[in-house]
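Worksheet: the structure to be examined is printed underneath.
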Amino acid sequence: MVKMVAAFSSLYLATLLLLVGSGLFNTYLSLRLTAESVSEVWIGALIAVYYLGLVFGARIGHKLIIRVGHIRAYSATGAIVVITVLALALVDNLWVWLAFRFAAGIAMVTQFMALESWLNEQTENHQRGRVFGFYMVSSSLGTVLGQLALTLFPTLNYQPLIFVAICSALCLVPVAMTRLSHPAVQVPAPIHIKYYVSRVPLSLTVLFVAGTIIGAFYGLAPVYAIKQGLSSDQVAVFLAAAVASGLLFQWPVGWLADRIDRVRLIRVSALVLTLISIPLWGWWTFPFWALLLFSCAFGILQFTLYPLGAAFANDNVDPERRVGLSAILYMVYGLGACVGPLIAGLLMRELNPSVYFVFVSACAAILVIFVRPQSVSGVNLSEDAPTHFVPMSDSLQASNVVAALDPRVDLESDLSFESVDEPAPQDDEVVPAS
């Protein structure tokens with residue numbers, strides 16, 4: 001175990017630093033714009049366009065990695081992320097900020113793809129679950145530390161931006177200095193979308209709704225918290241508590257998911273999420289400690305929706321199509337994350353900040369209404385169903401390539417990837433000018 005972790009330590013460290021910067025930046029952006037009385041719609045749009053870049057940047061990222069190799073692609077896009085962060089200190093135009101955030105999303109998904117495909121290509125089948133687990137812990141821990149890092153800055157000036165840029169630059173060092181051999185390049189084969197829509201429509205619904213909730217959480221939960229009178233430090237702890245709880249409770253929720261009906265568990269989780277949001281609709285004012293308890297409960301319920309939906313989807317898809325399934329789930333989840341902040345931001349602007357939790361209740365109620373055990377016929381069940389529940393980190397902070405690390409996947413029989421005819425250049429090779 002120690003030897004395996006040490007072998008991939010450079011990639012785990014790069015992931016951690018990348019997500020410390022990303023986690024801090026999203027919260028800082030929401031708090032700073034709120035302090036400057038910027039509309040919640042703009043805040044939601046800036047979060048949404050970033051996730052849009054994450055979702056649709058995958059194709060660009062693959063082409064770049066194929067053309068110049070993993071290290072060059074990772075380093076170049078890392079530099080772009082640093083530039084987009086620092087440029088926000090020089091430009092005050094929100095339309096320009098939208099373009100910067102979209103570019104940052106494309107660049108960051110390329111970095112995630114480089115890291116994840118590297119881990120996947122050099123992982124033995126018997127190690128896949130452990131490598132996946134440590135990657136999940138690195139990414140989730142980075143997100144939590146990113147929220148807590150905000151407590152280092154008493155004022156919302158440009159210092160947090162500099163810290164984010166430092167983290168974004170530092171994450172280049174372990175990859176540039178790694179002793180791991182350069183991985184071979186693969187590209188995704190065509191994905192038959194109709195196959196997955198017909199096989200797992202309920203799972204796609206779960207993933208889309210989960211994306212709307214998580215996207216709104218990262219963009220507008222800080223706005224809600226600051227307008228409840230919390231300080232910036234308290235907002236950081238409020239968000240970190242949700243992310244950390246969501247990570248820690250993946251295992252007990254997974255234990256339940258492997259022993260009871262998964263559709264029923266998803267519906268119960270959604271029902272509890274609907275009900276637990278109601279006290280925060282604006283009826284009462286809660287002290288900070290009570291808001292922390294609510295945050296932990298929300299983290300447990302919202303951050304386990306993705307792995308529950310993914311586990312149910314894997315039960316109903318042929319094993320050789322599971323990497324393609326994860327790519328579809330990631331895309332649907334990401335599209336939900338684009339829609340969620342926009343709708344929640346609009347409602348909060350037109351009504352009041354507490355409408356954020358009305359939005360959460362409404363999204364969860366959609367799952368209660370449409371995700372029913374009676375709707376599941378069982379005709380599409382895979383031969384190895386029920387598949388083992390696999391804890392997953394927040395998939396908005398990853399790319400669909402990490403799905404190949406899922407221990408439920410058999411890469412030798414999977415149809416989702418194919419080799420590239422010409423391998424990417426090694427670091428010591430000369431690339432001819434085009």
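Quick note on naming: the chains in the structure tokens go A, B, ... in the order shown, residues restart at 1 in each chain, and ligands are numbered from 1 in order of appearance.
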Would you mind writing down, as a PDB file with C-alpha atoms, in the first residue's frame, each residue of segment 45-261 of chain A that DSSP on the backbone assigns to helix (DSSP H, G or I)?
```pdb
ATOM      1  CA  ALA A  45     -23.462  32.598 -14.355  1.00  0.00           C
ATOM      2  CA  LEU A  46     -19.760  32.748 -13.464  1.00  0.00           C
ATOM      3  CA  ILE A  47     -20.005  29.377 -11.712  1.00  0.00           C
ATOM      4  CA  ALA A  48     -22.138  27.888 -14.510  1.00  0.00           C
ATOM      5  CA  VAL A  49     -19.812  28.947 -17.325  1.00  0.00           C
ATOM      6  CA  TYR A  50     -16.852  27.415 -15.479  1.00  0.00           C
ATOM      7  CA  TYR A  51     -18.654  24.065 -15.288  1.00  0.00           C
ATOM      8  CA  LEU A  52     -19.634  24.452 -18.930  1.00  0.00           C
ATOM      9  CA  GLY A  53     -15.932  24.697 -19.733  1.00  0.00           C
ATOM     10  CA  LEU A  54     -15.262  21.572 -17.669  1.00  0.00           C
ATOM     11  CA  VAL A  55     -17.928  19.603 -19.544  1.00  0.00           C
ATOM     12  CA  PHE A  56     -17.186  20.696 -23.102  1.00  0.00           C
ATOM     13  CA  ALA A  58     -12.878  17.336 -22.706  1.00  0.00           C
ATOM     14  CA  ARG A  59     -12.657  17.100 -26.502  1.00  0.00           C
ATOM     15  CA  ILE A  60     -10.160  19.963 -26.676  1.00  0.00           C
ATOM     16  CA  GLY A  61      -8.158  18.408 -23.874  1.00  0.00           C
ATOM     17  CA  HIS A  62      -7.946  15.029 -25.590  1.00  0.00           C
ATOM     18  CA  LYS A  63      -6.722  16.611 -28.830  1.00  0.00           C
ATOM     19  CA  LEU A  64      -4.097  18.631 -26.979  1.00  0.00           C
ATOM     20  CA  ILE A  65      -2.800  15.629 -25.021  1.00  0.00           C
ATOM     21  CA  ILE A  66      -2.606  13.552 -28.207  1.00  0.00           C
ATOM     22  CA  ARG A  67      -0.728  16.329 -30.001  1.00  0.00           C
ATOM     23  CA  VAL A  68       1.888  17.284 -27.400  1.00  0.00           C
ATOM     24  CA  HIS A  70       0.586  14.649 -21.032  1.00  0.00           C
ATOM     25  CA  ILE A  71       3.261  16.801 -19.392  1.00  0.00           C
ATOM     26  CA  ARG A  72       3.247  19.547 -22.022  1.00  0.00           C
ATOM     27  CA  ALA A  73      -0.558  19.664 -22.122  1.00  0.00           C
ATOM     28  CA  TYR A  74      -0.773  19.754 -18.320  1.00  0.00           C
ATOM     29  CA  SER A  75       1.866  22.475 -18.020  1.00  0.00           C
ATOM     30  CA  ALA A  76       0.434  24.671 -20.787  1.00  0.00           C
ATOM     31  CA  THR A  77      -3.123  24.548 -19.463  1.00  0.00           C
ATOM     32  CA  GLY A  78      -1.843  25.064 -15.915  1.00  0.00           C
ATOM     33  CA  ALA A  79      -0.231  28.289 -17.065  1.00  0.00           C
ATOM     34  CA  ILE A  80      -3.554  29.338 -18.615  1.00  0.00           C
ATOM     35  CA  VAL A  81      -5.317  28.743 -15.291  1.00  0.00           C
ATOM     36  CA  VAL A  82      -2.750  30.955 -13.506  1.00  0.00           C
ATOM     37  CA  ILE A  83      -3.270  33.691 -16.114  1.00  0.00           C
ATOM     38  CA  THR A  84      -7.072  33.583 -15.847  1.00  0.00           C
ATOM     39  CA  VAL A  85      -6.854  33.900 -12.053  1.00  0.00           C
ATOM     40  CA  LEU A  86      -4.410  36.807 -12.020  1.00  0.00           C
ATOM     41  CA  ALA A  87      -6.199  38.599 -14.856  1.00  0.00           C
ATOM     42  CA  LEU A  94     -17.975  40.813 -15.706  1.00  0.00           C
ATOM     43  CA  TRP A  95     -18.405  39.840 -19.368  1.00  0.00           C
ATOM     44  CA  VAL A  96     -14.646  39.417 -19.626  1.00  0.00           C
ATOM     45  CA  TRP A  97     -14.734  37.416 -16.404  1.00  0.00           C
ATOM     46  CA  LEU A  98     -17.213  35.022 -18.037  1.00  0.00           C
ATOM     47  CA  ALA A  99     -14.734  34.389 -20.849  1.00  0.00           C
ATOM     48  CA  PHE A 100     -11.903  33.869 -18.348  1.00  0.00           C
ATOM     49  CA  ARG A 101     -13.942  31.365 -16.309  1.00  0.00           C
ATOM     50  CA  PHE A 102     -14.921  29.409 -19.426  1.00  0.00           C
ATOM     51  CA  ALA A 103     -11.267  29.249 -20.490  1.00  0.00           C
ATOM     52  CA  ALA A 104     -10.290  28.188 -16.969  1.00  0.00           C
ATOM     53  CA  GLY A 105     -12.830  25.349 -17.110  1.00  0.00           C
ATOM     54  CA  ILE A 106     -11.389  24.059 -20.400  1.00  0.00           C
ATOM     55  CA  ALA A 107      -7.843  24.332 -19.074  1.00  0.00           C
ATOM     56  CA  MET A 108      -8.591  22.631 -15.758  1.00  0.00           C
ATOM     57  CA  VAL A 109     -10.446  19.697 -17.288  1.00  0.00           C
ATOM     58  CA  THR A 110      -7.365  19.108 -19.463  1.00  0.00           C
ATOM     59  CA  GLN A 111      -5.231  19.030 -16.324  1.00  0.00           C
ATOM     60  CA  PHE A 112      -7.608  16.545 -14.705  1.00  0.00           C
ATOM     61  CA  MET A 113      -7.596  14.401 -17.840  1.00  0.00           C
ATOM     62  CA  ALA A 114      -3.807  14.316 -17.916  1.00  0.00           C
ATOM     63  CA  LEU A 115      -3.583  13.268 -14.263  1.00  0.00           C
ATOM     64  CA  GLU A 116      -6.381  10.721 -14.409  1.00  0.00           C
ATOM     65  CA  SER A 117      -5.358   9.064 -17.662  1.00  0.00           C
ATOM     66  CA  TRP A 118      -1.801   8.848 -16.315  1.00  0.00           C
ATOM     67  CA  LEU A 119      -3.011   7.105 -13.160  1.00  0.00           C
ATOM     68  CA  ASN A 120      -5.258   4.815 -15.183  1.00  0.00           C
ATOM     69  CA  GLU A 121      -2.632   3.786 -17.743  1.00  0.00           C
ATOM     70  CA  ASN A 125      -6.089  -4.156 -12.346  1.00  0.00           C
ATOM     71  CA  HIS A 126      -5.679  -5.455  -8.789  1.00  0.00           C
ATOM     72  CA  GLN A 127      -4.645  -1.953  -7.624  1.00  0.00           C
ATOM     73  CA  ARG A 128      -7.431  -0.067  -9.366  1.00  0.00           C
ATOM     74  CA  GLY A 129      -9.721   0.295  -6.348  1.00  0.00           C
ATOM     75  CA  ARG A 130      -6.963   1.558  -4.049  1.00  0.00           C
ATOM     76  CA  VAL A 131      -5.556   3.996  -6.617  1.00  0.00           C
ATOM     77  CA  PHE A 132      -9.076   5.293  -7.238  1.00  0.00           C
ATOM     78  CA  GLY A 133      -9.650   5.638  -3.476  1.00  0.00           C
ATOM     79  CA  PHE A 134      -6.495   7.661  -2.868  1.00  0.00           C
ATOM     80  CA  TYR A 135      -7.275   9.885  -5.837  1.00  0.00           C
ATOM     81  CA  MET A 136     -10.740  10.496  -4.390  1.00  0.00           C
ATOM     82  CA  VAL A 137      -9.293  11.367  -0.979  1.00  0.00           C
ATOM     83  CA  SER A 138      -6.713  13.712  -2.542  1.00  0.00           C
ATOM     84  CA  SER A 139      -9.345  15.583  -4.546  1.00  0.00           C
ATOM     85  CA  SER A 140     -11.852  15.816  -1.679  1.00  0.00           C
ATOM     86  CA  LEU A 141      -9.195  16.845   0.822  1.00  0.00           C
ATOM     87  CA  GLY A 142      -8.008  19.534  -1.586  1.00  0.00           C
ATOM     88  CA  THR A 143     -11.549  20.923  -1.871  1.00  0.00           C
ATOM     89  CA  VAL A 144     -11.956  20.991   1.922  1.00  0.00           C
ATOM     90  CA  LEU A 145      -8.571  22.649   2.462  1.00  0.00           C
ATOM     91  CA  GLY A 146      -9.422  25.169  -0.238  1.00  0.00           C
ATOM     92  CA  GLN A 147     -12.487  26.273   1.719  1.00  0.00           C
ATOM     93  CA  LEU A 148     -10.538  26.460   4.977  1.00  0.00           C
ATOM     94  CA  ALA A 149      -7.718  28.402   3.303  1.00  0.00           C
ATOM     95  CA  LEU A 150     -10.117  31.327   3.016  1.00  0.00           C
ATOM     96  CA  THR A 151      -9.784  31.796   6.797  1.00  0.00           C
ATOM     97  CA  LEU A 152      -6.165  32.882   6.179  1.00  0.00           C
ATOM     98  CA  GLN A 159      -4.546  38.312  -1.677  1.00  0.00           C
ATOM     99  CA  PRO A 160      -6.729  35.192  -2.077  1.00  0.00           C
ATOM    100  CA  LEU A 161      -6.305  35.463  -5.851  1.00  0.00           C
ATOM    101  CA  ILE A 162      -2.540  35.452  -5.415  1.00  0.00           C
ATOM    102  CA  PHE A 163      -2.789  32.394  -3.167  1.00  0.00           C
ATOM    103  CA  VAL A 164      -4.926  30.585  -5.778  1.00  0.00           C
ATOM    104  CA  ALA A 165      -2.381  31.478  -8.481  1.00  0.00           C
ATOM    105  CA  ILE A 166       0.427  30.129  -6.273  1.00  0.00           C
ATOM    106  CA  CYS A 167      -1.407  26.822  -5.799  1.00  0.00           C
ATOM    107  CA  SER A 168      -2.143  26.630  -9.527  1.00  0.00           C
ATOM    108  CA  ALA A 169       1.542  27.188 -10.302  1.00  0.00           C
ATOM    109  CA  LEU A 170       2.796  24.832  -7.595  1.00  0.00           C
ATOM    110  CA  LEU A 172       2.867  22.044 -12.090  1.00  0.00           C
ATOM    111  CA  VAL A 173       6.031  21.195 -10.163  1.00  0.00           C
ATOM    112  CA  PRO A 174       5.273  17.573  -9.118  1.00  0.00           C
ATOM    113  CA  VAL A 175       4.139  16.684 -12.644  1.00  0.00           C
ATOM    114  CA  ALA A 176       7.107  18.359 -14.330  1.00  0.00           C
ATOM    115  CA  ILE A 193     -26.071   7.890 -26.321  1.00  0.00           C
ATOM    116  CA  LYS A 194     -29.387   6.203 -27.201  1.00  0.00           C
ATOM    117  CA  TYR A 195     -28.177   2.979 -25.586  1.00  0.00           C
ATOM    118  CA  TYR A 196     -27.626   4.691 -22.228  1.00  0.00           C
ATOM    119  CA  VAL A 197     -30.820   6.774 -22.399  1.00  0.00           C
ATOM    120  CA  SER A 198     -32.873   3.609 -22.945  1.00  0.00           C
ATOM    121  CA  ARG A 199     -31.020   1.617 -20.296  1.00  0.00           C
ATOM    122  CA  PRO A 201     -33.158   6.972 -17.749  1.00  0.00           C
ATOM    123  CA  LEU A 202     -33.742   7.121 -13.970  1.00  0.00           C
ATOM    124  CA  SER A 203     -30.010   7.323 -13.265  1.00  0.00           C
ATOM    125  CA  LEU A 204     -29.639  10.171 -15.773  1.00  0.00           C
ATOM    126  CA  THR A 205     -32.436  12.013 -13.972  1.00  0.00           C
ATOM    127  CA  VAL A 206     -30.706  11.500 -10.622  1.00  0.00           C
ATOM    128  CA  LEU A 207     -27.381  12.737 -11.990  1.00  0.00           C
ATOM    129  CA  PHE A 208     -28.868  15.828 -13.650  1.00  0.00           C
ATOM    130  CA  VAL A 209     -30.728  16.862 -10.494  1.00  0.00           C
ATOM    131  CA  ALA A 210     -27.683  16.126  -8.339  1.00  0.00           C
ATOM    132  CA  GLY A 211     -25.655  18.372 -10.649  1.00  0.00           C
ATOM    133  CA  THR A 212     -28.124  21.240 -10.266  1.00  0.00           C
ATOM    134  CA  ILE A 213     -27.926  20.957  -6.471  1.00  0.00           C
ATOM    135  CA  ILE A 214     -24.124  20.705  -6.294  1.00  0.00           C
ATOM    136  CA  GLY A 215     -23.539  23.465  -8.848  1.00  0.00           C
ATOM    137  CA  ALA A 216     -25.869  25.791  -6.935  1.00  0.00           C
ATOM    138  CA  PHE A 217     -24.142  24.822  -3.677  1.00  0.00           C
ATOM    139  CA  TYR A 218     -20.671  25.875  -4.811  1.00  0.00           C
ATOM    140  CA  GLY A 219     -21.916  29.084  -6.379  1.00  0.00           C
ATOM    141  CA  LEU A 220     -24.702  30.308  -4.122  1.00  0.00           C
ATOM    142  CA  ALA A 221     -24.455  28.613  -0.718  1.00  0.00           C
ATOM    143  CA  PRO A 222     -21.694  31.148   0.148  1.00  0.00           C
ATOM    144  CA  VAL A 223     -24.070  33.965  -0.870  1.00  0.00           C
ATOM    145  CA  TYR A 224     -26.816  32.540   1.333  1.00  0.00           C
ATOM    146  CA  ALA A 225     -24.413  32.141   4.266  1.00  0.00           C
ATOM    147  CA  ILE A 226     -22.945  35.640   4.059  1.00  0.00           C
ATOM    148  CA  LYS A 227     -26.448  37.146   3.929  1.00  0.00           C
ATOM    149  CA  SER A 232     -16.010  35.031   5.670  1.00  0.00           C
ATOM    150  CA  ASP A 233     -14.257  32.623   8.043  1.00  0.00           C
ATOM    151  CA  GLN A 234     -17.576  31.135   9.128  1.00  0.00           C
ATOM    152  CA  VAL A 235     -18.689  30.761   5.514  1.00  0.00           C
ATOM    153  CA  ALA A 236     -15.489  28.837   4.755  1.00  0.00           C
ATOM    154  CA  VAL A 237     -16.118  26.466   7.680  1.00  0.00           C
ATOM    155  CA  PHE A 238     -19.792  26.162   6.680  1.00  0.00           C
ATOM    156  CA  LEU A 239     -18.820  24.933   3.194  1.00  0.00           C
ATOM    157  CA  ALA A 240     -15.899  22.780   4.368  1.00  0.00           C
ATOM    158  CA  ALA A 241     -18.196  20.979   6.809  1.00  0.00           C
ATOM    159  CA  ALA A 242     -20.527  19.985   3.966  1.00  0.00           C
ATOM    160  CA  VAL A 243     -17.739  18.702   1.710  1.00  0.00           C
ATOM    161  CA  ALA A 244     -15.968  16.817   4.520  1.00  0.00           C
ATOM    162  CA  SER A 245     -19.217  15.208   5.716  1.00  0.00           C
ATOM    163  CA  GLY A 246     -20.055  14.170   2.180  1.00  0.00           C
ATOM    164  CA  LEU A 247     -16.669  12.481   1.883  1.00  0.00           C
ATOM    165  CA  LEU A 248     -16.730  10.710   5.255  1.00  0.00           C
ATOM    166  CA  GLN A 250     -19.559   7.797   1.428  1.00  0.00           C
ATOM    167  CA  TRP A 251     -18.595   4.547   3.144  1.00  0.00           C
ATOM    168  CA  PRO A 252     -21.615   4.082   5.468  1.00  0.00           C
ATOM    169  CA  VAL A 253     -23.962   5.097   2.654  1.00  0.00           C
ATOM    170  CA  GLY A 254     -22.171   2.622   0.402  1.00  0.00           C
ATOM    171  CA  TRP A 255     -22.622  -0.103   3.011  1.00  0.00           C
ATOM    172  CA  LEU A 256     -26.369   0.588   2.953  1.00  0.00           C
ATOM    173  CA  ALA A 257     -26.489   0.787  -0.841  1.00  0.00           C
TER     174      ALA A 257
END
```
With only C-alpha atoms as the counted atoms, please give the residues lying no more than 6 Å from segment 38-41 of chain A, apart from itself and same-chain residues fewer than 6 positions off, as a ChimeraX atom specification. /A:345-346,349
Let me see the file: selected residues, C-alpha atoms, as a PDB file, in the first residue's frame.
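Now in result.pdb:
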```
ATOM      1  CA  GLY A 345     -29.264  32.864  -8.732  1.00  0.00           C
ATOM      2  CA  LEU A 346     -32.267  34.229 -10.606  1.00  0.00           C
ATOM      3  CA  ARG A 349     -32.234  37.948  -6.973  1.00  0.00           C
TER       4      ARG A 349
END
```
Coordinates-based distance that separates atom CA of Asn26 of chain A from atom CA of Ile266 of chain A (Å, one decimal):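 Between atom CA of Ile266 of chain A and atom CA of Asn26 of chain A the gap is 28.0 Å.
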